[in-house]
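Novice: The structure follows.
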Amino acid sequence: MKFPSHPLDCSSPKSNQQPESRSFLPRVLKSRDEDDSGASIRHGPSDLVSSKQPRKRRVPTISPLGKLIQDAMKALGLSYQQVVAESKRLATLNNNPDMRIGKSTLGNIISGSIRQPGTAKLDTLRILLHLTRNQLDLAIGLAPQRRFVEQLQTKSFRTHEVTLDAVTRQRTVRIPVLRENADLAISQFVSGIVQRWANAEVEYFSSFYPPYLRYFVIGESDTHASPVARPGTRVLVNTLVTEVCAAENVSFHERELYCVLTQDGLTCSYLEHGSAGKIVLVPHPLAGHVREEVDEKEITIVGQVMGLLFRK
């Protein structure tokens, strides 16, 4: 009996086995985890790291205030730890814990995460780093002295009030320092009793600064007091004086000028008593307006004008 040469040889016609089905698909590629010999490959940590692209190093940001602080620290030779320690000592000395600046807080101020630190911390930085308020405000983005000038120079249609903070902040006044033997009971020249003059910031006097004084700028449409107080004039108003005085045989350069809130807004005008329960708004003869009589309940006398400052 003749047997096939190979057990799997199915060429014999007597064989009842089905021939092996041949796939028309290409040969399966080797797995990434197998080499040519079929052995599995284990990836180490170094292989995984090398397959990733290197991360870009983040460049630390710095705010304008942080640049100012860093330059001052470099000029004074101070480190972060020294600034933190001195701020703690300063807070204890002034009995104000808000003046203390932690290391993380200082870093956040420099990076700009804290855009505008508190007043106490700004005072600490100003004292320790020998900075001025003007430098700190400009670095933060505040320029109150320029804003105040812009408020006064910008033409406004209506009369408006200028806040006390805008007037006092970043403004200085000259204060005379008298001699020790100066006798104020005797009339004499100021130059004879003054030892020197000192410049002081007005905001330091806010505790005893008269709160009843208010500042206004006369609008372009407010010409009731012109030409004594032309549009653009800055007026100082005493809110404690609201009583209308009689003005008989008194020129317009001598009679009282008032700041009045009417239904049309603020205005500076001369006032007189009219009929029962009436107030007369008296314009300057050269202003080109007519007298207007209104009910006392329709207006509010803000105060009497105590000073005038004319625009250049």
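Ligands are numbered from 1 in the order shown, residues from 1 within each chain, and chains are lettered A, B, ... in the order they appear in the structure tokens.
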Considering only C-alpha atoms, return as an NGL selection string whatever protein or nucleic-acid residues lie within 6 Å of Phe216 (chain A), sequence-local ones (same chain, fewer than 3 positions apart) excluded.

Specialist: :A and (160-162 or 234-235)

Novice: Rank A:Leu266, A:Ile114, A:Leu286, A:Ala185 by their smallest atom-to-atom distance to Ile301 (chain A), using only C-alpha atoms, and report the top residue only.

Specialist: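 Among the listed residues, the smallest separation from Ile301 (chain A) belongs to A:Leu266.
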
Novice: Have a look at CA of Thr233 (chain A) and CA of His289 (chain A) and let me know their distance in Å, one decimal.

Specialist: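 These atoms are spaced 18.6 Å apart.
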
Novice: Choose the residue, out of A:Leu122, A:Ala75, A:Val84, A:Thr159, that has the smallest atom-to-atom separation from Ser104 (chain A); count only C-alpha atoms.

Specialist: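 Of A:Leu122, A:Ala75, A:Val84, A:Thr159, the one nearest Ser104 (chain A), counting only C-alpha atoms, is A:Val84.
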
Novice: So that I can check the surroundings of region 123-129 of chain A, please list as a PDB file with N, CA and C atoms, in the first residue's frame every protein, DNA and RNA residue that reaches within 12 Å of it, counting only C-alpha atoms and ignoring chain neighbours fewer than 6 positions away.

Specialist:
ATOM      1  N   LEU A  65       5.465  96.631  38.978  1.00  0.00           N
ATOM      2  CA  LEU A  65       5.745  96.823  40.405  1.00  0.00           C
ATOM      3  C   LEU A  65       6.832  95.870  40.862  1.00  0.00           C
ATOM      4  N   GLY A  66       6.796  94.625  40.367  1.00  0.00           N
ATOM      5  CA  GLY A  66       7.839  93.673  40.719  1.00  0.00           C
ATOM      6  C   GLY A  66       9.204  94.094  40.214  1.00  0.00           C
ATOM      7  N   LEU A  68      10.190  97.173  39.840  1.00  0.00           N
ATOM      8  CA  LEU A  68      10.605  98.251  40.735  1.00  0.00           C
ATOM      9  C   LEU A  68      11.129  97.690  42.051  1.00  0.00           C
ATOM     10  N   ILE A  69      10.446  96.686  42.593  1.00  0.00           N
ATOM     11  CA  ILE A  69      10.864  96.088  43.862  1.00  0.00           C
ATOM     12  C   ILE A  69      12.199  95.375  43.709  1.00  0.00           C
ATOM     13  N   GLN A  70      12.350  94.615  42.640  1.00  0.00           N
ATOM     14  CA  GLN A  70      13.601  93.895  42.432  1.00  0.00           C
ATOM     15  C   GLN A  70      14.780  94.848  42.240  1.00  0.00           C
ATOM     16  N   ASP A  71      14.584  95.911  41.495  1.00  0.00           N
ATOM     17  CA  ASP A  71      15.665  96.884  41.304  1.00  0.00           C
ATOM     18  C   ASP A  71      16.045  97.534  42.627  1.00  0.00           C
ATOM     19  N   ALA A  72      15.039  97.852  43.458  1.00  0.00           N
ATOM     20  CA  ALA A  72      15.336  98.462  44.749  1.00  0.00           C
ATOM     21  C   ALA A  72      16.040  97.477  45.680  1.00  0.00           C
ATOM     22  N   MET A  73      15.622  96.216  45.670  1.00  0.00           N
ATOM     23  CA  MET A  73      16.280  95.198  46.500  1.00  0.00           C
ATOM     24  C   MET A  73      17.725  94.986  46.063  1.00  0.00           C
ATOM     25  N   LYS A  74      17.951  94.995  44.767  1.00  0.00           N
ATOM     26  CA  LYS A  74      19.304  94.826  44.254  1.00  0.00           C
ATOM     27  C   LYS A  74      20.183  96.010  44.619  1.00  0.00           C
ATOM     28  N   ALA A  75      19.619  97.217  44.533  1.00  0.00           N
ATOM     29  CA  ALA A  75      20.403  98.403  44.873  1.00  0.00           C
ATOM     30  C   ALA A  75      20.754  98.451  46.358  1.00  0.00           C
ATOM     31  N   LEU A  76      19.870  97.952  47.203  1.00  0.00           N
ATOM     32  CA  LEU A  76      20.109  97.961  48.649  1.00  0.00           C
ATOM     33  C   LEU A  76      20.775  96.682  49.142  1.00  0.00           C
ATOM     34  N   GLY A  77      20.920  95.703  48.265  1.00  0.00           N
ATOM     35  CA  GLY A  77      21.548  94.453  48.659  1.00  0.00           C
ATOM     36  C   GLY A  77      20.688  93.621  49.589  1.00  0.00           C
ATOM     37  N   LEU A  78      19.384  93.646  49.401  1.00  0.00           N
ATOM     38  CA  LEU A  78      18.465  92.913  50.269  1.00  0.00           C
ATOM     39  C   LEU A  78      17.986  91.652  49.577  1.00  0.00           C
ATOM     40  N   SER A  79      17.821  90.599  50.355  1.00  0.00           N
ATOM     41  CA  SER A  79      17.286  89.344  49.848  1.00  0.00           C
ATOM     42  C   SER A  79      15.814  89.228  50.216  1.00  0.00           C
ATOM     43  N   TYR A  80      15.180  88.187  49.706  1.00  0.00           N
ATOM     44  CA  TYR A  80      13.772  87.962  50.024  1.00  0.00           C
ATOM     45  C   TYR A  80      13.592  87.758  51.524  1.00  0.00           C
ATOM     46  N   GLN A  82      15.409  88.799  53.974  1.00  0.00           N
ATOM     47  CA  GLN A  82      15.619  90.033  54.725  1.00  0.00           C
ATOM     48  C   GLN A  82      14.408  90.954  54.649  1.00  0.00           C
ATOM     49  N   VAL A  83      13.788  91.033  53.467  1.00  0.00           N
ATOM     50  CA  VAL A  83      12.593  91.866  53.329  1.00  0.00           C
ATOM     51  C   VAL A  83      11.464  91.310  54.181  1.00  0.00           C
ATOM     52  N   VAL A  84      11.308  89.982  54.192  1.00  0.00           N
ATOM     53  CA  VAL A  84      10.260  89.356  54.997  1.00  0.00           C
ATOM     54  C   VAL A  84      10.494  89.598  56.481  1.00  0.00           C
ATOM     55  N   ALA A  85      11.758  89.441  56.917  1.00  0.00           N
ATOM     56  CA  ALA A  85      12.075  89.644  58.336  1.00  0.00           C
ATOM     57  C   ALA A  85      11.874  91.099  58.748  1.00  0.00           C
ATOM     58  N   GLU A  86      12.289  92.038  57.899  1.00  0.00           N
ATOM     59  CA  GLU A  86      12.129  93.456  58.233  1.00  0.00           C
ATOM     60  C   GLU A  86      10.657  93.866  58.235  1.00  0.00           C
ATOM     61  N   SER A  87       9.868  93.269  57.352  1.00  0.00           N
ATOM     62  CA  SER A  87       8.436  93.587  57.349  1.00  0.00           C
ATOM     63  C   SER A  87       7.763  93.090  58.622  1.00  0.00           C
ATOM     64  N   LYS A  88       8.204  91.943  59.118  1.00  0.00           N
ATOM     65  CA  LYS A  88       7.658  91.426  60.379  1.00  0.00           C
ATOM     66  C   LYS A  88       8.018  92.349  61.535  1.00  0.00           C
ATOM     67  N   ARG A  89       9.269  92.820  61.537  1.00  0.00           N
ATOM     68  CA  ARG A  89       9.698  93.741  62.597  1.00  0.00           C
ATOM     69  C   ARG A  89       8.936  95.054  62.514  1.00  0.00           C
ATOM     70  N   LEU A  90       8.704  95.534  61.293  1.00  0.00           N
ATOM     71  CA  LEU A  90       7.984  96.787  61.103  1.00  0.00           C
ATOM     72  C   LEU A  90       6.521  96.651  61.525  1.00  0.00           C
ATOM     73  N   ALA A  91       5.931  95.500  61.262  1.00  0.00           N
ATOM     74  CA  ALA A  91       4.544  95.271  61.674  1.00  0.00           C
ATOM     75  C   ALA A  91       4.413  95.242  63.188  1.00  0.00           C
ATOM     76  N   THR A  92       5.388  94.641  63.850  1.00  0.00           N
ATOM     77  CA  THR A  92       5.377  94.614  65.317  1.00  0.00           C
ATOM     78  C   THR A  92       5.597  95.997  65.894  1.00  0.00           C
ATOM     79  N   LEU A  93       6.475  96.758  65.275  1.00  0.00           N
ATOM     80  CA  LEU A  93       6.786  98.095  65.776  1.00  0.00           C
ATOM     81  C   LEU A  93       5.585  99.021  65.668  1.00  0.00           C
ATOM     82  N   ASN A  94       4.831  98.906  64.601  1.00  0.00           N
ATOM     83  CA  ASN A  94       3.665  99.771  64.386  1.00  0.00           C
ATOM     84  C   ASN A  94       2.357  99.137  64.856  1.00  0.00           C
ATOM     85  N   ASN A  96       0.675  96.744  63.616  1.00  0.00           N
ATOM     86  CA  ASN A  96      -0.196  96.597  62.452  1.00  0.00           C
ATOM     87  C   ASN A  96       0.197  95.318  61.722  1.00  0.00           C
ATOM     88  N   PRO A  97      -0.504  94.211  61.961  1.00  0.00           N
ATOM     89  CA  PRO A  97      -0.117  92.947  61.312  1.00  0.00           C
ATOM     90  C   PRO A  97      -0.257  92.964  59.795  1.00  0.00           C
ATOM     91  N   ASP A  98      -1.050  93.888  59.258  1.00  0.00           N
ATOM     92  CA  ASP A  98      -1.203  93.958  57.802  1.00  0.00           C
ATOM     93  C   ASP A  98       0.070  94.404  57.106  1.00  0.00           C
ATOM     94  N   MET A  99       1.001  94.976  57.856  1.00  0.00           N
ATOM     95  CA  MET A  99       2.258  95.431  57.254  1.00  0.00           C
ATOM     96  C   MET A  99       3.232  94.284  57.018  1.00  0.00           C
ATOM     97  N   ARG A 100       2.949  93.134  57.577  1.00  0.00           N
ATOM     98  CA  ARG A 100       3.842  91.982  57.398  1.00  0.00           C
ATOM     99  C   ARG A 100       3.660  91.403  55.996  1.00  0.00           C
ATOM    100  N   ILE A 101       4.767  91.080  55.344  1.00  0.00           N
ATOM    101  CA  ILE A 101       4.760  90.520  53.991  1.00  0.00           C
ATOM    102  C   ILE A 101       5.455  89.170  54.028  1.00  0.00           C
ATOM    103  N   GLY A 102       4.719  88.106  53.725  1.00  0.00           N
ATOM    104  CA  GLY A 102       5.305  86.776  53.659  1.00  0.00           C
ATOM    105  C   GLY A 102       6.104  86.577  52.386  1.00  0.00           C
ATOM    106  N   LEU A 106       5.279  88.172  48.776  1.00  0.00           N
ATOM    107  CA  LEU A 106       6.236  89.000  48.052  1.00  0.00           C
ATOM    108  C   LEU A 106       6.464  88.477  46.642  1.00  0.00           C
ATOM    109  N   ILE A 109       3.459  89.401  44.539  1.00  0.00           N
ATOM    110  CA  ILE A 109       3.465  90.819  44.178  1.00  0.00           C
ATOM    111  C   ILE A 109       4.417  91.063  43.022  1.00  0.00           C
ATOM    112  N   ILE A 110       5.582  90.435  43.078  1.00  0.00           N
ATOM    113  CA  ILE A 110       6.579  90.637  42.030  1.00  0.00           C
ATOM    114  C   ILE A 110       6.114  90.028  40.713  1.00  0.00           C
ATOM    115  N   PRO A 117      -1.407  95.521  45.955  1.00  0.00           N
ATOM    116  CA  PRO A 117      -1.357  95.153  47.375  1.00  0.00           C
ATOM    117  C   PRO A 117      -2.085  96.179  48.232  1.00  0.00           C
ATOM    118  N   GLN A 135       6.355 106.627  42.951  1.00  0.00           N
ATOM    119  CA  GLN A 135       6.932 105.493  42.237  1.00  0.00           C
ATOM    120  C   GLN A 135       6.036 104.261  42.328  1.00  0.00           C
ATOM    121  N   LEU A 136       5.510 103.988  43.515  1.00  0.00           N
ATOM    122  CA  LEU A 136       4.642 102.824  43.697  1.00  0.00           C
ATOM    123  C   LEU A 136       3.340 102.964  42.917  1.00  0.00           C
ATOM    124  N   ASP A 137       2.749 104.146  42.966  1.00  0.00           N
ATOM    125  CA  ASP A 137       1.481 104.359  42.268  1.00  0.00           C
ATOM    126  C   ASP A 137       1.651 104.251  40.753  1.00  0.00           C
TER     127      ASP A 137
END

Novice: Give me the residues near Glu272 (chain A) as a list in words, where near means some atom within 10 Å (using only C-alpha atoms) and where sequence neighbours in that chain fewer than 4 positions away do not count.

Specialist: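 Contacts, with the query itself left out: Val244, Cys245, Ala246, Ala247, Lys278, Ile279, Val280, Leu281, Val282 and Glu293 of chain A.
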
Novice: Would you pick out the contacts of Pro176 (chain A) at 12 Å or less, using only C-alpha atoms, so that residues sharing its chain but fewer than 4 positions from it are not included, and give the list as a list in words?

Specialist: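 Close residues of Pro176 (chain A): Ala182, Val190, Ser191, Gly192, Ile193, Val194, Gln195, Arg196, Trp197, Ala198, Asn199 and Ala200 of chain A.
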